[in-house]
$ cat protein.pdb   # PDB, C-alpha atoms
ATOM      1  CA  MET A   1    -215.969 -33.804  -6.965
ATOM      2  CA  LYS A   2    -214.909 -36.940  -8.793
ATOM      3  CA  LYS A   3    -216.608 -35.756 -11.972
ATOM      4  CA  LYS A   4    -214.698 -32.483 -11.807
ATOM      5  CA  GLU A   5    -211.353 -34.228 -11.504
ATOM      6  CA  THR A   6    -212.118 -36.367 -14.539
ATOM      7  CA  LYS A   7    -212.954 -33.312 -16.578
ATOM      8  CA  ARG A   8    -209.767 -31.598 -15.496
ATOM      9  CA  PHE A   9    -207.615 -34.556 -16.503
ATOM     10  CA  THR A  10    -209.196 -34.525 -19.956
ATOM     11  CA  ARG A  11    -208.274 -30.898 -20.459
ATOM     12  CA  ARG A  12    -204.749 -31.572 -19.287
ATOM     13  CA  SER A  13    -204.367 -34.773 -21.265
ATOM     14  CA  LEU A  14    -200.955 -36.153 -22.135
ATOM     15  CA  ILE A  15    -201.338 -35.471 -25.867
ATOM     16  CA  LYS A  16    -202.105 -31.810 -25.298
ATOM     17  CA  TYR A  17    -199.264 -30.629 -23.144
ATOM     18  CA  THR A  18    -196.540 -32.953 -24.405
ATOM     19  CA  GLY A  19    -197.176 -31.931 -27.995
ATOM     20  CA  LEU A  20    -197.300 -28.250 -27.152
ATOM     21  CA  LEU A  21    -194.205 -28.332 -24.982
ATOM     22  CA  GLY A  22    -192.266 -30.096 -27.720
ATOM     23  CA  LEU A  23    -191.152 -32.732 -25.232
ATOM     24  CA  GLY A  24    -192.075 -35.486 -27.675
ATOM     25  CA  SER A  25    -195.311 -37.039 -28.914
ATOM     26  CA  ILE A  26    -194.915 -40.441 -27.323
ATOM     27  CA  LEU A  27    -198.338 -41.751 -26.460
ATOM     28  CA  GLY A  28    -199.001 -45.351 -25.601
ATOM     29  CA  VAL A  29    -195.714 -47.214 -25.845
ATOM     30  CA  LYS A  30    -194.117 -45.119 -23.129
ATOM     31  CA  LEU A  31    -196.997 -45.724 -20.775
ATOM     32  CA  LEU A  32    -198.205 -49.015 -22.160
ATOM     33  CA  SER A  33    -196.503 -52.224 -23.179
ATOM     34  CA  CYS A  34    -197.802 -54.989 -25.394
ATOM     35  CA  THR A  35    -198.322 -58.439 -23.953
ATOM     36  CA  SER A  36    -199.070 -61.674 -25.690
ATOM     37  CA  SER A  37    -202.702 -62.773 -25.528
ATOM     38  CA  SER A  38    -204.998 -64.892 -27.643
ATOM     39  CA  LYS A  39    -208.060 -62.828 -26.781
ATOM     40  CA  PRO A  40    -209.406 -61.128 -29.921
ATOM     41  CA  GLU A  41    -211.611 -58.618 -28.048
ATOM     42  CA  GLY A  42    -210.569 -55.003 -27.662
ATOM     43  CA  LYS A  43    -210.542 -52.170 -30.151
ATOM     44  CA  ILE A  44    -207.542 -51.321 -32.295
ATOM     45  CA  ILE A  45    -205.845 -48.067 -31.355
ATOM     46  CA  LYS A  46    -202.973 -46.178 -32.941
ATOM     47  CA  VAL A  47    -199.880 -45.317 -30.887
ATOM     48  CA  MET A  48    -196.595 -43.561 -31.635
ATOM     49  CA  THR A  49    -193.338 -45.387 -30.984
ATOM     50  CA  PRO A  50    -190.264 -43.603 -29.538
ATOM     51  CA  GLU A  51    -188.822 -43.696 -33.072
ATOM     52  CA  GLY A  52    -191.784 -41.695 -34.372
ATOM     53  CA  LYS A  53    -193.482 -44.563 -36.199
ATOM     54  CA  LEU A  54    -197.245 -45.038 -36.098
ATOM     55  CA  MET A  55    -198.470 -48.539 -35.276
ATOM     56  CA  GLU A  56    -201.793 -50.230 -34.496
ATOM     57  CA  VAL A  57    -202.206 -52.220 -31.255
ATOM     58  CA  ASN A  58    -205.111 -54.194 -29.856
ATOM     59  CA  GLU A  59    -206.213 -52.473 -26.662
ATOM     60  CA  ALA A  60    -206.813 -55.861 -25.007
ATOM     61  CA  HIS A  61    -203.115 -56.684 -25.434
ATOM     62  CA  MET A  62    -201.853 -53.674 -23.494
ATOM     63  CA  THR A  63    -200.901 -53.200 -19.842
ATOM     64  CA  ILE A  64    -199.474 -50.325 -17.836
ATOM     65  CA  ALA A  65    -195.675 -50.177 -17.950
ATOM     66  CA  HIS A  66    -193.872 -48.891 -14.867
ATOM     67  CA  PRO A  67    -190.789 -46.926 -15.962
ATOM     68  CA  HIS A  68    -187.619 -47.382 -13.923
ATOM     69  CA  PRO A  69    -186.193 -44.246 -12.283
ATOM     70  CA  ALA A  70    -182.939 -42.884 -13.655
ATOM     71  CA  ASN A  71    -179.851 -44.141 -11.861
ATOM     72  CA  VAL A  72    -177.397 -41.811 -10.125
ATOM     73  CA  GLU A  73    -175.176 -41.451 -13.190
ATOM     74  CA  GLU A  74    -178.097 -40.670 -15.508
ATOM     75  CA  SER A  75    -179.536 -38.244 -12.958
ATOM     76  CA  ARG A  76    -176.382 -36.146 -13.059
ATOM     77  CA  LYS A  77    -176.426 -35.621 -16.822
ATOM     78  CA  GLY A  78    -179.860 -34.114 -17.308
ATOM     79  CA  ILE A  79    -182.064 -34.304 -20.385
ATOM     80  CA  PRO A  80    -180.063 -33.261 -23.497
ATOM     81  CA  GLY A  81    -181.049 -30.074 -25.274
ATOM     82  CA  ARG A  82    -183.455 -28.874 -22.572
ATOM     83  CA  LYS A  83    -183.428 -25.761 -20.374
ATOM     84  CA  PHE A  84    -186.374 -26.061 -18.018
ATOM     85  CA  VAL A  85    -187.975 -22.957 -16.514
ATOM     86  CA  MET A  86    -190.996 -22.112 -14.389
ATOM     87  CA  VAL A  87    -193.199 -19.013 -14.320
ATOM     88  CA  VAL A  88    -195.454 -18.046 -11.383
ATOM     89  CA  ASP A  89    -198.392 -15.718 -12.095
ATOM     90  CA  LEU A  90    -198.993 -13.974  -8.764
ATOM     91  CA  ALA A  91    -202.232 -12.437 -10.032
ATOM     92  CA  LYS A  92    -203.851 -15.890 -10.110
ATOM     93  CA  CYS A  93    -202.789 -17.300  -6.737
ATOM     94  CA  LYS A  94    -205.376 -17.452  -3.942
ATOM     95  CA  ASN A  95    -203.466 -19.845  -1.662
ATOM     96  CA  ALA A  96    -205.452 -22.933  -2.651
ATOM     97  CA  ARG A  97    -202.363 -24.965  -1.625
ATOM     98  CA  GLU A  98    -203.132 -27.791  -4.043
ATOM     99  CA  CYS A  99    -199.582 -27.500  -5.364
ATOM    100  CA  ILE A 100    -198.258 -28.208  -1.860
ATOM    101  CA  ARG A 101    -200.531 -31.209  -1.377
ATOM    102  CA  ALA A 102    -199.587 -32.687  -4.744
ATOM    103  CA  CYS A 103    -195.876 -32.188  -4.044
ATOM    104  CA  GLU A 104    -196.124 -33.763  -0.588
ATOM    105  CA  HIS A 105    -197.988 -36.762  -1.976
ATOM    106  CA  HIS A 106    -195.569 -37.337  -4.852
ATOM    107  CA  HIS A 107    -192.420 -36.979  -2.745
ATOM    108  CA  ASN A 108    -193.858 -38.673   0.378
ATOM    109  CA  LEU A 109    -193.268 -35.541   2.450
ATOM    110  CA  THR A 110    -194.543 -34.652   5.889
ATOM    111  CA  PRO A 111    -195.964 -31.140   6.558
ATOM    112  CA  ASP A 112    -192.882 -30.159   8.579
ATOM    113  CA  ARG A 113    -190.587 -30.304   5.517
ATOM    114  CA  PRO A 114    -192.458 -28.845   2.513
ATOM    115  CA  PHE A 115    -190.698 -28.295  -0.804
ATOM    116  CA  ILE A 116    -193.188 -25.517  -1.671
ATOM    117  CA  LYS A 117    -194.169 -22.620   0.592
ATOM    118  CA  VAL A 118    -196.884 -20.044  -0.085
ATOM    119  CA  LEU A 119    -195.919 -16.781   1.580
ATOM    120  CA  GLU A 120    -198.034 -13.736   2.400
ATOM    121  CA  ILE A 121    -196.230 -10.755   0.864
ATOM    122  CA  GLN A 122    -196.901  -7.029   1.190
ATOM    123  CA  ASP A 123    -194.488  -4.813  -0.747
ATOM    124  CA  ASN A 124    -195.179  -1.667   1.303
ATOM    125  CA  PRO A 125    -197.677  -0.455   3.951
ATOM    126  CA  ARG A 126    -199.943   1.117   1.334
ATOM    127  CA  SER A 127    -200.106  -1.837  -1.060
ATOM    128  CA  ALA A 128    -202.423  -4.827  -0.822
ATOM    129  CA  PRO A 129    -200.930  -8.153   0.309
ATOM    130  CA  TYR A 130    -200.721 -11.126  -2.065
ATOM    131  CA  TRP A 131    -199.742 -14.798  -2.042
ATOM    132  CA  MET A 132    -196.341 -15.871  -3.343
ATOM    133  CA  PRO A 133    -195.559 -19.557  -4.007
ATOM    134  CA  LYS A 134    -191.851 -20.181  -3.414
ATOM    135  CA  LYS A 135    -189.739 -23.257  -4.122
ATOM    136  CA  CYS A 136    -186.215 -24.021  -5.294
ATOM    137  CA  PHE A 137    -185.206 -21.530  -7.997
ATOM    138  CA  GLN A 138    -182.952 -23.959  -9.928
ATOM    139  CA  CYS A 139    -180.283 -21.255 -10.274
ATOM    140  CA  ASP A 140    -177.795 -21.090 -13.141
ATOM    141  CA  ASN A 141    -175.222 -19.870 -10.635
ATOM    142  CA  PRO A 142    -176.239 -21.889  -7.552
ATOM    143  CA  PRO A 143    -174.281 -21.037  -4.374
ATOM    144  CA  CYS A 144    -175.471 -24.315  -2.828
ATOM    145  CA  VAL A 145    -173.448 -26.325  -5.356
ATOM    146  CA  LYS A 146    -170.271 -24.334  -4.725
ATOM    147  CA  VAL A 147    -170.206 -24.966  -0.971
ATOM    148  CA  CYS A 148    -171.058 -28.687  -0.931
ATOM    149  CA  PRO A 149    -167.847 -30.478   0.163
ATOM    150  CA  VAL A 150    -168.806 -33.877  -1.278
ATOM    151  CA  GLY A 151    -170.591 -33.035  -4.541
ATOM    152  CA  ALA A 152    -173.942 -34.221  -3.221
ATOM    153  CA  THR A 153    -175.780 -31.292  -4.800
ATOM    154  CA  TYR A 154    -175.106 -30.538  -8.438
ATOM    155  CA  LYS A 155    -176.286 -28.563 -11.463
ATOM    156  CA  ARG A 156    -177.458 -30.459 -14.561
ATOM    157  CA  SER A 157    -177.292 -29.393 -18.192
ATOM    158  CA  ASP A 158    -181.090 -28.891 -18.300
ATOM    159  CA  ASN A 159    -181.158 -26.182 -15.557
ATOM    160  CA  ILE A 160    -182.209 -28.559 -12.757
ATOM    161  CA  VAL A 161    -180.289 -28.658  -9.464
ATOM    162  CA  LEU A 162    -180.540 -32.006  -7.645
ATOM    163  CA  ILE A 163    -179.339 -33.598  -4.413
ATOM    164  CA  ASP A 164    -177.956 -37.122  -4.081
ATOM    165  CA  ASN A 165    -178.895 -38.123  -0.526
ATOM    166  CA  GLU A 166    -176.684 -41.209  -0.733
ATOM    167  CA  ARG A 167    -173.714 -38.850  -0.931
ATOM    168  CA  CYS A 168    -175.067 -36.098   1.366
ATOM    169  CA  ILE A 169    -173.286 -35.978   4.751
ATOM    170  CA  GLY A 170    -175.768 -33.588   6.377
ATOM    171  CA  CYS A 171    -173.357 -30.678   6.883
ATOM    172  CA  ARG A 172    -176.090 -28.225   5.791
ATOM    173  CA  PHE A 173    -173.596 -25.869   4.125
ATOM    174  CA  CYS A 174    -175.940 -25.741   1.132
ATOM    175  CA  MET A 175    -178.828 -24.632   3.342
ATOM    176  CA  ALA A 176    -176.737 -21.788   4.735
ATOM    177  CA  ALA A 177    -175.629 -20.727   1.250
ATOM    178  CA  CYS A 178    -179.108 -20.711  -0.323
ATOM    179  CA  PRO A 179    -180.500 -17.128  -0.183
ATOM    180  CA  TYR A 180    -184.030 -18.429  -0.812
ATOM    181  CA  SER A 181    -184.256 -20.848   2.153
ATOM    182  CA  ALA A 182    -185.466 -23.429  -0.340
ATOM    183  CA  ARG A 183    -183.995 -26.521   1.335
ATOM    184  CA  VAL A 184    -185.202 -28.711   4.188
ATOM    185  CA  PHE A 185    -183.330 -31.059   6.512
ATOM    186  CA  ASN A 186    -184.491 -34.473   7.660
ATOM    187  CA  TRP A 187    -183.922 -34.194  11.399
ATOM    188  CA  GLY A 188    -185.914 -37.310  12.195
ATOM    189  CA  LYS A 189    -186.633 -40.569  10.466
ATOM    190  CA  PRO A 190    -189.006 -39.785   7.556
ATOM    191  CA  LYS A 191    -192.496 -41.285   7.865
ATOM    192  CA  GLN A 192    -192.640 -43.499   4.788
ATOM    193  CA  SER A 193    -194.528 -46.647   3.964
ATOM    194  CA  GLN A 194    -192.678 -49.920   3.554
ATOM    195  CA  GLU A 195    -193.480 -49.776  -0.156
ATOM    196  CA  VAL A 196    -191.688 -46.444  -0.448
ATOM    197  CA  MET A 197    -188.757 -47.655   1.630
ATOM    198  CA  ASN A 198    -188.328 -50.599  -0.731
ATOM    199  CA  MET A 199    -188.155 -48.337  -3.790
ATOM    200  CA  LYS A 200    -184.880 -48.085  -5.688
ATOM    201  CA  TYR A 201    -183.409 -44.686  -4.834
ATOM    202  CA  SER A 202    -182.901 -42.079  -7.535
ATOM    203  CA  PRO A 203    -181.974 -38.398  -7.113
ATOM    204  CA  GLU A 204    -184.696 -37.691  -9.679
ATOM    205  CA  THR A 205    -187.467 -39.000  -7.405
ATOM    206  CA  SER A 206    -185.981 -37.862  -4.066
ATOM    207  CA  THR A 207    -187.391 -41.048  -2.522
ATOM    208  CA  PRO A 208    -186.938 -42.836  -0.282
ATOM    209  CA  SER A 209    -185.863 -40.033   2.059
ATOM    210  CA  LYS A 210    -183.027 -40.546   4.514
ATOM    211  CA  ILE A 211    -182.518 -39.139   8.006
ATOM    212  CA  GLY A 212    -179.717 -36.569   8.305
ATOM    213  CA  THR A 213    -179.858 -35.418   4.668
ATOM    214  CA  VAL A 214    -181.045 -32.330   2.772
ATOM    215  CA  GLU A 215    -183.932 -32.224   0.292
ATOM    216  CA  LYS A 216    -185.711 -29.657  -1.877
ATOM    217  CA  CYS A 217    -187.976 -29.041  -4.877
ATOM    218  CA  ASP A 218    -186.550 -30.806  -7.924
ATOM    219  CA  PHE A 219    -188.940 -29.855 -10.794
ATOM    220  CA  CYS A 220    -190.063 -33.528 -10.841
ATOM    221  CA  PRO A 221    -187.488 -34.743 -13.412
ATOM    222  CA  ASP A 222    -188.916 -38.258 -13.190
ATOM    223  CA  MET A 223    -192.212 -36.873 -14.533
ATOM    224  CA  ILE A 224    -190.427 -34.914 -17.259
ATOM    225  CA  ARG A 225    -188.747 -38.098 -18.489
ATOM    226  CA  GLU A 226    -192.241 -39.541 -18.922
ATOM    227  CA  LYS A 227    -193.223 -36.472 -21.006
ATOM    228  CA  LYS A 228    -195.467 -35.201 -18.209
ATOM    229  CA  LEU A 229    -195.686 -31.925 -16.342
ATOM    230  CA  PRO A 230    -194.553 -31.623 -12.693
ATOM    231  CA  HIS A 231    -197.305 -32.445 -10.207
ATOM    232  CA  CYS A 232    -197.584 -28.897  -8.860
ATOM    233  CA  ILE A 233    -198.429 -27.584 -12.342
ATOM    234  CA  THR A 234    -201.333 -29.923 -13.022
ATOM    235  CA  ALA A 235    -202.638 -29.751  -9.441
ATOM    236  CA  CYS A 236    -203.087 -25.964  -9.370
ATOM    237  CA  PRO A 237    -206.796 -25.178  -9.980
ATOM    238  CA  ASN A 238    -206.115 -21.613 -11.145
ATOM    239  CA  GLY A 239    -203.259 -22.030 -13.630
ATOM    240  CA  VAL A 240    -200.783 -20.121 -11.466
ATOM    241  CA  LEU A 241    -197.718 -22.168 -12.409
ATOM    242  CA  TYR A 242    -196.255 -22.470 -15.919
ATOM    243  CA  PHE A 243    -193.521 -24.910 -16.901
ATOM    244  CA  GLY A 244    -191.545 -25.296 -20.094
ATOM    245  CA  ASP A 245    -188.314 -25.158 -22.040
ATOM    246  CA  ALA A 246    -186.383 -21.888 -22.468
ATOM    247  CA  ASN A 247    -184.677 -23.322 -25.562
ATOM    248  CA  GLU A 248    -188.084 -23.654 -27.219
ATOM    249  CA  ASP A 249    -189.311 -20.377 -25.677
ATOM    250  CA  THR A 250    -192.498 -22.144 -24.599
ATOM    251  CA  VAL A 251    -194.275 -22.665 -21.274
ATOM    252  CA  THR A 252    -197.648 -24.117 -20.295
ATOM    253  CA  ASN A 253    -199.846 -24.344 -17.215
ATOM    254  CA  GLY A 254    -201.740 -27.307 -18.669
ATOM    255  CA  GLU A 255    -204.570 -25.060 -19.882
ATOM    256  CA  GLU A 256    -202.759 -22.652 -22.188
ATOM    257  CA  THR A 257    -199.395 -22.689 -23.912
ATOM    258  CA  VAL A 258    -197.580 -19.412 -24.524
ATOM    259  CA  ARG A 259    -194.255 -17.979 -25.610
ATOM    260  CA  LEU A 260    -192.007 -17.525 -22.592
ATOM    261  CA  SER A 261    -190.392 -14.351 -23.929
ATOM    262  CA  LYS A 262    -193.730 -12.762 -24.828
ATOM    263  CA  LEU A 263    -195.279 -13.663 -21.464
ATOM    264  CA  LEU A 264    -192.385 -12.117 -19.545
ATOM    265  CA  ARG A 265    -192.312  -9.031 -21.792
ATOM    266  CA  ASP A 266    -196.053  -8.366 -21.815
ATOM    267  CA  LYS A 267    -196.524  -8.931 -18.075
ATOM    268  CA  ALA A 268    -193.238  -7.450 -16.801
ATOM    269  CA  GLY A 269    -191.862 -10.752 -15.559
ATOM    270  CA  TYR A 270    -188.974 -10.655 -13.108
ATOM    271  CA  ARG A 271    -186.725 -12.968 -11.087
ATOM    272  CA  TYR A 272    -186.765 -12.900  -7.291
ATOM    273  CA  LEU A 273    -183.575 -11.456  -5.746
ATOM    274  CA  GLU A 274    -181.955 -11.433  -9.166
ATOM    275  CA  GLU A 275    -179.463  -8.841  -7.933
ATOM    276  CA  LEU A 276    -177.693 -11.575  -5.945
ATOM    277  CA  GLY A 277    -176.316 -13.016  -9.177
ATOM    278  CA  THR A 278    -177.803 -16.485  -8.691
ATOM    279  CA  GLU A 279    -179.550 -16.342 -12.110
ATOM    280  CA  PRO A 280    -182.703 -18.220 -11.031
ATOM    281  CA  ASN A 281    -184.806 -20.125 -13.562
ATOM    282  CA  VAL A 282    -188.100 -19.314 -11.861
ATOM    283  CA  TYR A 283    -189.829 -16.123 -13.012
ATOM    284  CA  TYR A 284    -192.663 -14.152 -11.420
ATOM    285  CA  LEU A 285    -195.446 -12.117 -12.994
ATOM    286  CA  PRO A 286    -196.562  -9.162 -10.798
ATOM    287  CA  PRO A 287    -199.885  -9.432  -8.887
ATOM    288  CA  VAL A 288    -201.782  -6.919 -11.039
ATOM    289  CA  ASP A 289    -205.428  -7.323 -12.153
ATOM    290  CA  ARG A 290    -205.818 -10.166  -9.678
ATOM    291  CA  LEU A 291    -208.430 -12.843 -10.231
ATOM    292  CA  PHE A 292    -209.203 -13.160  -6.516
ATOM    293  CA  PRO A 293    -209.312 -10.693  -3.612
ATOM    294  CA  PHE A 294    -206.735 -11.407  -0.927
ATOM    295  CA  LYS A 295    -208.141 -13.536   1.871
ATOM    296  CA  ASP A 296    -206.111 -14.486   4.903
ATOM    297  CA  THR A 297    -206.895 -18.184   5.292
ATOM    298  CA  LYS A 298    -205.213 -18.246   8.714
ATOM    299  CA  ALA A 299    -207.828 -15.892  10.211
TER     300      ALA A 299
END

$ encode --input "protein.pdb" --output "structure tokens"
Amino acid sequence: MKKKETKRFTRRSLIKYTGLLGLGSILGVKLLSCTSSSKPEGKIIKVMTPEGKLMEVNEAHMTIAHPHPANVEESRKGIPGRKFVMVVDLAKCKNARECIRACEHHHNLTPDRPFIKVLEIQDNPRSAPYWMPKKCFQCDNPPCVKVCPVGATYKRSDNIVLIDNERCIGCRFCMAACPYSARVFNWGKPKQSQEVMNMKYSPETSTPSKIGTVEKCDFCPDMIREKKLPHCITACPNGVLYFGDANEDTVTNGEETVRLSKLLRDKAGYRYLEELGTEPNVYYLPPVDRLFPFKDTKA
């Protein structure tokens, strides 16, 4: 099992999907920082600086750098020039639920308040059932934002809708307004380690959680700032979820990178409950030519 995970990480390496997504080729200096040392051992490797300059660094002089989460003000602006979207290929989903596990681990969630749900859907009595992953749809016209009396939930310039739980008063108006039931409420004190509780809060990480506030899927903006894909994308073993930038017309599932417009056109992509006028930024591809037969895992 360990060997398989290592192989998977290699295929989904940072260089591959950051370069293809156009989110910036920033290897090394974003994740590593140079430290002074007199030790001559260690091979020389080439890294790219944020300014796009190539430089050589001794591997022995490098350590992991822990990036600081964006503050509340930065979290409200979004990443300039980006319009993030997600595509879900229903033909590939077999309810492996790895996306849920990865999301729960990253956001320190308990099973009673998942950000991602995988629903069993059957369009009509004569059609075969299929699995449908559902999360926040990051709407362009989000009703949740309009009803919040304190501005705790807001829409960013890069398509992402976030919640500031330091401003949230727990009225749950946003939950009532959301037609997708994409939000969860912290009724009890969240079960979080002391390490998590001591973390500096940022709306981009959604941690630490707070009792009496609302939470939801956030597209992992903290990962995006590090030029990485959201955890649910890389965790899926079947390449169900694609993520990318509508401005660049490109999405990837970590294995393949494709044109968003071509993918939606060729596979008849659609948006769930689009007729409501919410203009969601999550698209679905119909469950045709499925890779796996439907199997009810609850049976």

$ atom_distance --input "protein.pdb" --atom1 "atom CA of Trp131 of chain A" --atom2 "atom CA of Ile160 of chain A"
24.7 Å

$ closest_residue --input "protein.pdb" --among "A:Pro208, A:Gly151, A:Gly244, A:Pro114" --to "Val184 of chain A" --atoms "only C-alpha atoms"
A:Pro114

$ atom_distance --input "protein.pdb" --atom1 "atom CA of Glu166 of chain A" --atom2 "atom CA of Thr213 of chain A"
8.5 Å

$ resolve_selection --input "protein.pdb" --expression "the PyMOL selection byres ((chain A and resi 90-99) around 9)" --output "number ranges by chain"
A: 88-89, 100-104, 116-119, 130-133, 231-240, 284-297

$ axis_aligned_box --input "protein.pdb" --around "segment 206-223 of chain A" --padding-each-side "3 Å" --output "JSON"
{"center_x": -186.0, "center_y": -35.9, "center_z": -3.1, "size_x": 18.5, "size_y": 19.8, "size_z": 28.8}

$ closest_residue --input "protein.pdb" --among "A:Pro125, A:Pro179, A:Pro69, A:Pro190" --to "Met223 of chain A" --atoms "all atoms listed in the file"
A:Pro69

$ atom_distance --input "protein.pdb" --atom1 "atom CA of Asp112 of chain A" --atom2 "atom CA of Cys168 of chain A"
20.1 Å
